[in-house]
>>> print(open('start.pdb').read())   # PDB, N, CA and C atoms
ATOM      1  N   MET A 591      -2.334  -9.896  18.595
ATOM      2  CA  MET A 591      -2.318  -8.474  18.846
ATOM      3  C   MET A 591      -3.595  -8.109  19.592
ATOM      4  N   ASN A 592      -3.438  -7.380  20.670
ATOM      5  CA  ASN A 592      -4.633  -7.017  21.438
ATOM      6  C   ASN A 592      -5.270  -5.743  20.886
ATOM      7  N   ILE A 593      -6.474  -5.481  21.329
ATOM      8  CA  ILE A 593      -7.266  -4.367  20.816
ATOM      9  C   ILE A 593      -6.611  -3.016  21.097
ATOM     10  N   LYS A 594      -5.943  -2.874  22.228
ATOM     11  CA  LYS A 594      -5.274  -1.609  22.559
ATOM     12  C   LYS A 594      -4.162  -1.297  21.559
ATOM     13  N   LYS A 595      -3.400  -2.310  21.158
ATOM     14  CA  LYS A 595      -2.332  -2.104  20.180
ATOM     15  C   LYS A 595      -2.908  -1.744  18.816
ATOM     16  N   ILE A 596      -4.015  -2.357  18.455
ATOM     17  CA  ILE A 596      -4.657  -2.048  17.177
ATOM     18  C   ILE A 596      -5.135  -0.599  17.176
ATOM     19  N   ILE A 597      -5.790  -0.184  18.241
ATOM     20  CA  ILE A 597      -6.294   1.183  18.344
ATOM     21  C   ILE A 597      -5.131   2.182  18.321
ATOM     22  N   GLU A 598      -4.086   1.892  19.057
ATOM     23  CA  GLU A 598      -2.922   2.781  19.079
ATOM     24  C   GLU A 598      -2.274   2.856  17.698
ATOM     25  N   GLY A 599      -2.178   1.733  17.021
ATOM     26  CA  GLY A 599      -1.624   1.713  15.672
ATOM     27  C   GLY A 599      -2.435   2.572  14.711
ATOM     28  N   LYS A 600      -3.750   2.479  14.804
ATOM     29  CA  LYS A 600      -4.617   3.299  13.954
ATOM     30  C   LYS A 600      -4.455   4.781  14.287
ATOM     31  N   ARG A 601      -4.343   5.085  15.542
ATOM     32  CA  ARG A 601      -4.158   6.475  15.976
ATOM     33  C   ARG A 601      -2.843   7.030  15.415
ATOM     34  N   GLU A 602      -1.781   6.234  15.502
ATOM     35  CA  GLU A 602      -0.486   6.662  14.975
ATOM     36  C   GLU A 602      -0.551   6.852  13.465
ATOM     37  N   TRP A 603      -1.229   5.935  12.761
ATOM     38  CA  TRP A 603      -1.331   6.041  11.307
ATOM     39  C   TRP A 603      -2.116   7.292  10.909
ATOM     40  N   ARG A 604      -3.197   7.576  11.614
ATOM     41  CA  ARG A 604      -3.992   8.778  11.301
ATOM     42  C   ARG A 604      -3.156  10.038  11.500
ATOM     43  N   ALA A 605      -2.372  10.084  12.559
ATOM     44  CA  ALA A 605      -1.498  11.231  12.804
ATOM     45  C   ALA A 605      -0.458  11.353  11.695
ATOM     46  N   HIS A 606       0.029  10.221  11.233
ATOM     47  CA  HIS A 606       0.999  10.196  10.136
ATOM     48  C   HIS A 606       0.360  10.771   8.866
ATOM     49  N   VAL A 607      -0.850  10.353   8.560
ATOM     50  CA  VAL A 607      -1.559  10.827   7.369
ATOM     51  C   VAL A 607      -1.792  12.336   7.438
ATOM     52  N   VAL A 608      -2.105  12.850   8.610
ATOM     53  CA  VAL A 608      -2.290  14.297   8.785
ATOM     54  C   VAL A 608      -0.992  15.032   8.457
ATOM     55  N   ARG A 609       0.129  14.491   8.905
ATOM     56  CA  ARG A 609       1.430  15.101   8.599
ATOM     57  C   ARG A 609       1.691  15.105   7.101
ATOM     58  N   VAL A 610       1.377  13.995   6.435
ATOM     59  CA  VAL A 610       1.572  13.913   4.977
ATOM     60  C   VAL A 610       0.724  14.968   4.280
ATOM     61  N   LYS A 611      -0.525  15.111   4.708
ATOM     62  CA  LYS A 611      -1.430  16.077   4.077
ATOM     63  C   LYS A 611      -1.007  17.524   4.319
ATOM     64  N   SER A 612      -0.160  17.760   5.313
ATOM     65  CA  SER A 612       0.311  19.119   5.574
ATOM     66  C   SER A 612       1.511  19.491   4.695
ATOM     67  N   LEU A 613       2.070  18.509   3.976
ATOM     68  CA  LEU A 613       3.172  18.783   3.063
ATOM     69  C   LEU A 613       2.656  19.533   1.838
ATOM     70  N   PRO A 614       3.547  20.279   1.143
ATOM     71  CA  PRO A 614       3.145  20.871  -0.130
ATOM     72  C   PRO A 614       2.722  19.772  -1.115
ATOM     73  N   LYS A 615       1.900  20.131  -2.078
ATOM     74  CA  LYS A 615       1.309  19.160  -3.003
ATOM     75  C   LYS A 615       2.365  18.308  -3.725
ATOM     76  N   ASP A 616       3.456  18.923  -4.196
ATOM     77  CA  ASP A 616       4.474  18.147  -4.911
ATOM     78  C   ASP A 616       5.124  17.108  -3.995
ATOM     79  N   TYR A 617       5.330  17.463  -2.746
ATOM     80  CA  TYR A 617       5.870  16.500  -1.780
ATOM     81  C   TYR A 617       4.871  15.367  -1.528
ATOM     82  N   GLN A 618       3.596  15.722  -1.428
ATOM     83  CA  GLN A 618       2.566  14.698  -1.211
ATOM     84  C   GLN A 618       2.542  13.695  -2.355
ATOM     85  N   ILE A 619       2.640  14.182  -3.586
ATOM     86  CA  ILE A 619       2.609  13.299  -4.759
ATOM     87  C   ILE A 619       3.782  12.335  -4.726
ATOM     88  N   VAL A 620       4.975  12.855  -4.481
ATOM     89  CA  VAL A 620       6.164  11.990  -4.442
ATOM     90  C   VAL A 620       6.077  11.027  -3.267
ATOM     91  N   TYR A 621       5.607  11.496  -2.106
ATOM     92  CA  TYR A 621       5.459  10.621  -0.949
ATOM     93  C   TYR A 621       4.522   9.456  -1.282
ATOM     94  N   LYS A 622       3.398   9.749  -1.919
ATOM     95  CA  LYS A 622       2.430   8.697  -2.263
ATOM     96  C   LYS A 622       3.052   7.686  -3.222
ATOM     97  N   GLU A 623       3.827   8.151  -4.177
ATOM     98  CA  GLU A 623       4.490   7.240  -5.111
ATOM     99  C   GLU A 623       5.505   6.362  -4.384
ATOM    100  N   ILE A 624       6.240   6.948  -3.456
ATOM    101  CA  ILE A 624       7.192   6.171  -2.653
ATOM    102  C   ILE A 624       6.441   5.134  -1.822
ATOM    103  N   GLN A 625       5.345   5.551  -1.222
ATOM    104  CA  GLN A 625       4.545   4.648  -0.400
ATOM    105  C   GLN A 625       4.048   3.464  -1.236
ATOM    106  N   ILE A 626       3.535   3.731  -2.409
ATOM    107  CA  ILE A 626       3.056   2.661  -3.294
ATOM    108  C   ILE A 626       4.204   1.706  -3.627
ATOM    109  N   TYR A 627       5.338   2.258  -3.982
ATOM    110  CA  TYR A 627       6.509   1.448  -4.330
ATOM    111  C   TYR A 627       6.920   0.565  -3.151
ATOM    112  N   LEU A 628       6.991   1.162  -1.969
ATOM    113  CA  LEU A 628       7.427   0.411  -0.793
ATOM    114  C   LEU A 628       6.415  -0.647  -0.384
ATOM    115  N   PHE A 629       5.129  -0.354  -0.540
ATOM    116  CA  PHE A 629       4.122  -1.363  -0.212
ATOM    117  C   PHE A 629       4.229  -2.565  -1.143
ATOM    118  N   LYS A 630       4.633  -2.338  -2.388
ATOM    119  CA  LYS A 630       4.806  -3.455  -3.329
ATOM    120  C   LYS A 630       6.025  -4.286  -2.985
ATOM    121  N   VAL A 631       7.109  -3.615  -2.582
ATOM    122  CA  VAL A 631       8.357  -4.308  -2.272
ATOM    123  C   VAL A 631       8.281  -4.997  -0.919
ATOM    124  N   GLY A 632       7.658  -4.336   0.048
ATOM    125  CA  GLY A 632       7.394  -4.945   1.336
ATOM    126  C   GLY A 632       8.534  -5.030   2.315
ATOM    127  N   PRO A 633       9.253  -3.910   2.590
ATOM    128  CA  PRO A 633      10.248  -3.981   3.660
ATOM    129  C   PRO A 633       9.562  -4.226   5.001
ATOM    130  N   ILE A 634      10.157  -5.024   5.827
ATOM    131  CA  ILE A 634       9.553  -5.454   7.085
ATOM    132  C   ILE A 634       9.298  -4.280   8.026
ATOM    133  N   GLU A 635      10.243  -3.346   8.115
ATOM    134  CA  GLU A 635      10.098  -2.266   9.087
ATOM    135  C   GLU A 635       9.364  -1.059   8.517
ATOM    136  N   LEU A 636       8.601  -1.218   7.476
ATOM    137  CA  LEU A 636       7.933  -0.117   6.793
ATOM    138  C   LEU A 636       7.053   0.717   7.702
ATOM    139  N   CYS A 637       6.215   0.087   8.483
ATOM    140  CA  CYS A 637       5.234   0.828   9.289
ATOM    141  C   CYS A 637       5.416   0.633  10.782
ATOM    142  N   GLU A 638       6.415  -0.074  11.188
ATOM    143  CA  GLU A 638       6.589  -0.374  12.607
ATOM    144  C   GLU A 638       7.079   0.850  13.363
ATOM    145  N   GLY A 639       6.227   1.380  14.244
ATOM    146  CA  GLY A 639       6.624   2.507  15.085
ATOM    147  C   GLY A 639       7.208   3.632  14.261
ATOM    148  N   ASN A 640       8.439   3.981  14.537
ATOM    149  CA  ASN A 640       9.130   5.012  13.767
ATOM    150  C   ASN A 640       9.883   4.346  12.624
ATOM    151  N   GLY A 641       9.155   3.714  11.745
ATOM    152  CA  GLY A 641       9.748   2.975  10.646
ATOM    153  C   GLY A 641      10.124   3.847   9.470
ATOM    154  N   LEU A 642      10.320   3.208   8.355
ATOM    155  CA  LEU A 642      10.815   3.845   7.150
ATOM    156  C   LEU A 642       9.909   4.977   6.665
ATOM    157  N   LEU A 643       8.599   4.780   6.670
ATOM    158  CA  LEU A 643       7.701   5.840   6.208
ATOM    159  C   LEU A 643       7.793   7.077   7.087
ATOM    160  N   SER A 644       7.920   6.886   8.382
ATOM    161  CA  SER A 644       8.081   8.025   9.290
ATOM    162  C   SER A 644       9.406   8.739   9.039
ATOM    163  N   ASP A 645      10.449   7.967   8.774
ATOM    164  CA  ASP A 645      11.751   8.565   8.477
ATOM    165  C   ASP A 645      11.683   9.390   7.190
ATOM    166  N   ILE A 646      11.009   8.871   6.176
ATOM    167  CA  ILE A 646      10.864   9.605   4.914
ATOM    168  C   ILE A 646      10.068  10.883   5.152
ATOM    169  N   LEU A 647       9.010  10.791   5.931
ATOM    170  CA  LEU A 647       8.199  11.962   6.224
ATOM    171  C   LEU A 647       9.018  13.017   6.974
ATOM    172  N   ASP A 648       9.806  12.602   7.948
ATOM    173  CA  ASP A 648      10.693  13.532   8.660
ATOM    174  C   ASP A 648      11.640  14.221   7.668
ATOM    175  N   PHE A 649      12.219  13.437   6.774
ATOM    176  CA  PHE A 649      13.153  13.923   5.762
ATOM    177  C   PHE A 649      12.470  14.952   4.853
ATOM    178  N   PHE A 650      11.246  14.661   4.443
ATOM    179  CA  PHE A 650      10.486  15.577   3.593
ATOM    180  C   PHE A 650      10.146  16.865   4.345
ATOM    181  N   GLU A 651       9.757  16.750   5.599
ATOM    182  CA  GLU A 651       9.441  17.948   6.381
ATOM    183  C   GLU A 651      10.671  18.846   6.525
ATOM    184  N   GLU A 652      11.833  18.238   6.695
ATOM    185  CA  GLU A 652      13.076  19.009   6.757
ATOM    186  C   GLU A 652      13.342  19.709   5.423
ATOM    187  N   GLY A 653      13.062  19.018   4.313
ATOM    188  CA  GLY A 653      13.233  19.610   2.991
ATOM    189  C   GLY A 653      12.321  20.805   2.775
ATOM    190  N   VAL A 654      11.083  20.686   3.242
ATOM    191  CA  VAL A 654      10.133  21.799   3.136
ATOM    192  C   VAL A 654      10.657  22.993   3.921
ATOM    193  N   LEU A 655      11.102  22.745   5.161
ATOM    194  CA  LEU A 655      11.623  23.832   5.999
ATOM    195  C   LEU A 655      12.849  24.495   5.382
ATOM    196  N   ALA A 656      13.641  23.714   4.653
ATOM    197  CA  ALA A 656      14.842  24.251   4.002
ATOM    198  C   ALA A 656      14.509  24.936   2.673
ATOM    199  N   GLY A 657      13.237  24.853   2.260
ATOM    200  CA  GLY A 657      12.820  25.498   1.019
ATOM    201  C   GLY A 657      13.246  24.761  -0.239
ATOM    202  N   LYS A 658      13.486  23.460  -0.117
ATOM    203  CA  LYS A 658      13.933  22.672  -1.262
ATOM    204  C   LYS A 658      12.752  22.092  -2.021
ATOM    205  N   ASP A 659      12.958  21.913  -3.333
ATOM    206  CA  ASP A 659      12.001  21.194  -4.156
ATOM    207  C   ASP A 659      12.148  19.707  -3.825
ATOM    208  N   VAL A 660      11.056  18.985  -3.891
ATOM    209  CA  VAL A 660      11.087  17.574  -3.498
ATOM    210  C   VAL A 660      12.074  16.764  -4.352
ATOM    211  N   LEU A 661      12.194  17.086  -5.634
ATOM    212  CA  LEU A 661      13.114  16.322  -6.486
ATOM    213  C   LEU A 661      14.584  16.673  -6.216
ATOM    214  N   GLU A 662      14.825  17.778  -5.530
ATOM    215  CA  GLU A 662      16.189  18.062  -5.069
ATOM    216  C   GLU A 662      16.580  17.059  -3.986
ATOM    217  N   ILE A 663      15.597  16.578  -3.259
ATOM    218  CA  ILE A 663      15.837  15.646  -2.157
ATOM    219  C   ILE A 663      15.939  14.212  -2.656
ATOM    220  N   THR A 664      14.987  13.813  -3.501
ATOM    221  CA  THR A 664      14.928  12.427  -3.948
ATOM    222  C   THR A 664      15.717  12.169  -5.222
ATOM    223  N   GLY A 665      15.935  13.208  -6.007
ATOM    224  CA  GLY A 665      16.468  13.031  -7.350
ATOM    225  C   GLY A 665      15.293  12.768  -8.290
ATOM    226  N   THR A 666      15.557  12.775  -9.575
ATOM    227  CA  THR A 666      14.464  12.612 -10.531
ATOM    228  C   THR A 666      14.010  11.163 -10.668
ATOM    229  N   ASP A 667      14.847  10.219 -10.279
ATOM    230  CA  ASP A 667      14.475   8.805 -10.332
ATOM    231  C   ASP A 667      14.070   8.349  -8.923
ATOM    232  N   VAL A 668      12.794   8.486  -8.641
ATOM    233  CA  VAL A 668      12.293   8.196  -7.297
ATOM    234  C   VAL A 668      12.421   6.708  -6.964
ATOM    235  N   ALA A 669      12.289   5.839  -7.964
ATOM    236  CA  ALA A 669      12.453   4.402  -7.723
ATOM    237  C   ALA A 669      13.876   4.090  -7.259
ATOM    238  N   SER A 670      14.862   4.734  -7.859
ATOM    239  CA  SER A 670      16.254   4.532  -7.418
ATOM    240  C   SER A 670      16.452   5.042  -5.997
ATOM    241  N   PHE A 671      15.785   6.152  -5.672
ATOM    242  CA  PHE A 671      15.826   6.674  -4.307
ATOM    243  C   PHE A 671      15.303   5.616  -3.336
ATOM    244  N   CYS A 672      14.184   4.991  -3.687
ATOM    245  CA  CYS A 672      13.598   3.945  -2.840
ATOM    246  C   CYS A 672      14.519   2.741  -2.734
ATOM    247  N   ASP A 673      15.078   2.324  -3.864
ATOM    248  CA  ASP A 673      15.983   1.177  -3.851
ATOM    249  C   ASP A 673      17.179   1.427  -2.941
ATOM    250  N   GLU A 674      17.687   2.646  -2.969
ATOM    251  CA  GLU A 674      18.814   2.991  -2.105
ATOM    252  C   GLU A 674      18.413   2.915  -0.630
ATOM    253  N   LEU A 675      17.194   3.348  -0.321
ATOM    254  CA  LEU A 675      16.708   3.263   1.058
ATOM    255  C   LEU A 675      16.598   1.815   1.523
ATOM    256  N   LEU A 676      16.270   0.935   0.594
ATOM    257  CA  LEU A 676      15.999  -0.461   0.937
ATOM    258  C   LEU A 676      17.205  -1.383   0.830
ATOM    259  N   LYS A 677      18.327  -0.873   0.387
ATOM    260  CA  LYS A 677      19.453  -1.759   0.081
ATOM    261  C   LYS A 677      19.877  -2.639   1.253
ATOM    262  N   ASP A 678      19.702  -2.178   2.475
ATOM    263  CA  ASP A 678      20.082  -2.979   3.638
ATOM    264  C   ASP A 678      18.881  -3.480   4.434
ATOM    265  N   SER A 679      17.693  -3.345   3.846
ATOM    266  CA  SER A 679      16.467  -3.751   4.542
ATOM    267  C   SER A 679      16.040  -5.145   4.115
ATOM    268  N   LYS A 680      15.530  -5.864   5.061
ATOM    269  CA  LYS A 680      14.977  -7.184   4.774
ATOM    270  C   LYS A 680      13.526  -7.010   4.342
ATOM    271  N   THR A 681      13.135  -7.702   3.290
ATOM    272  CA  THR A 681      11.761  -7.620   2.803
ATOM    273  C   THR A 681      11.042  -8.937   3.091
ATOM    274  N   TYR A 682       9.734  -8.896   2.924
ATOM    275  CA  TYR A 682       8.952 -10.117   3.094
ATOM    276  C   TYR A 682       9.333 -11.142   2.030
ATOM    277  N   ALA A 683       9.723 -10.674   0.849
ATOM    278  CA  ALA A 683      10.178 -11.590  -0.202
ATOM    279  C   ALA A 683      11.455 -12.311   0.250
ATOM    280  N   ASP A 684      12.350 -11.585   0.925
ATOM    281  CA  ASP A 684      13.573 -12.203   1.452
ATOM    282  C   ASP A 684      13.231 -13.292   2.469
ATOM    283  N   LEU A 685      12.306 -12.984   3.364
ATOM    284  CA  LEU A 685      11.895 -13.971   4.371
ATOM    285  C   LEU A 685      11.300 -15.210   3.711
ATOM    286  N   TYR A 686      10.500 -14.992   2.680
ATOM    287  CA  TYR A 686       9.889 -16.115   1.969
ATOM    288  C   TYR A 686      10.961 -16.982   1.310
ATOM    289  N   GLN A 687      11.921 -16.342   0.649
ATOM    290  CA  GLN A 687      12.992 -17.106   0.005
ATOM    291  C   GLN A 687      13.800 -17.894   1.020
ATOM    292  N   GLU A 688      14.076 -17.296   2.161
ATOM    293  CA  GLU A 688      14.814 -17.998   3.212
ATOM    294  C   GLU A 688      14.036 -19.207   3.717
ATOM    295  N   SER A 689      12.728 -19.034   3.897
ATOM    296  CA  SER A 689      11.920 -20.154   4.390
ATOM    297  C   SER A 689      11.856 -21.273   3.358
ATOM    298  N   MET A 690      11.829 -20.914   2.080
ATOM    299  CA  MET A 690      11.800 -21.945   1.029
ATOM    300  C   MET A 690      13.122 -22.710   0.982
ATOM    301  N   LYS A 691      14.224 -22.018   1.182
ATOM    302  CA  LYS A 691      15.526 -22.671   1.207
ATOM    303  C   LYS A 691      15.615 -23.666   2.367
ATOM    304  N   LYS A 692      15.080 -23.262   3.524
ATOM    305  CA  LYS A 692      15.087 -24.146   4.693
ATOM    306  C   LYS A 692      14.227 -25.371   4.473
ATOM    307  N   ARG A 693      13.124 -25.214   3.767
ATOM    308  CA  ARG A 693      12.231 -26.343   3.496
ATOM    309  C   ARG A 693      12.884 -27.379   2.605
ATOM    310  N   HIS A 694      13.732 -26.898   1.684
ATOM    311  CA  HIS A 694      14.356 -27.791   0.714
ATOM    312  C   HIS A 694      15.724 -28.270   1.162
ATOM    313  N   THR A 695      16.088 -27.941   2.382
ATOM    314  CA  THR A 695      17.402 -28.367   2.881
ATOM    315  C   THR A 695      17.257 -29.601   3.726
TER     316      THR A 695
END
>>> encode(input="start.pdb", output="structure tokens")
Amino acid sequence: MNIKKIIEGKREWRAHVVRVKSLPKDYQIVYKEIQIYLFKVGPIELCEGNGLLSDILDFFEEGVLAGKDVLEITGTDVASFCDELLKDSKTYADLYQESMKKRHT
């Protein structure tokens, strides 16, 4: 990765963080919990360009504009909300398991 891509990535992340901080406090709390959960699970497209975190942020911003409570959007079980988002996503754990299967074949 060249230095220009690193700088651009940091610039995009900072802009993303500013958007998160502009959400109402309850949305920020739920967003942070989702972020922690997703970082542990490790979906591959989590931060790539307009990845999953950006999609969630867009979704939350739409909820704010519609005047909805954050739990109306995610439901009360935020982990299940995350699992549903990830059901068709490949994770780093999946890649690792695939590579281990290939090694033993």
>>> atom_distance(input="start.pdb", atom1="atom N of A:Lys615", atom2="atom N of A:Val660")
9.4 Å
>>> atom_distance(input="start.pdb", atom1="atom CA of A:Leu676", atom2="atom CA of A:Glu662")
19.5 Å
>>> select_by_dssp(input="start.pdb", residues="chain A", states="alpha helix (DSSP H)", output="JSON, numbers by chain")
{"A": [593, 594, 595, 596, 597, 598, 599, 600, 601, 602, 603, 604, 605, 606, 607, 608, 609, 610, 611, 615, 616, 617, 618, 619, 620, 621, 622, 623, 624, 625, 626, 627, 628, 629, 630, 631, 642, 643, 644, 645, 646, 647, 648, 649, 650, 651, 652, 653, 654, 655, 660, 661, 662, 663, 664, 668, 669, 670, 671, 672, 673, 674, 675, 676, 682, 683, 684, 685, 686, 687, 688, 689, 690, 691, 692, 693]}
>>> atom_distance(input="start.pdb", atom1="atom CA of A:Gly641", atom2="atom N of A:Arg693")
29.2 Å
>>> resolve_selection(input="start.pdb", expression="the PyMOL selection byres (((chain A and resi 620 and name CA) around 12) and name CA)", output="NGL selection string")
:A and (610 or 613-619 or 621-627 or 646-647 or 650 or 659-669 or 671-672)
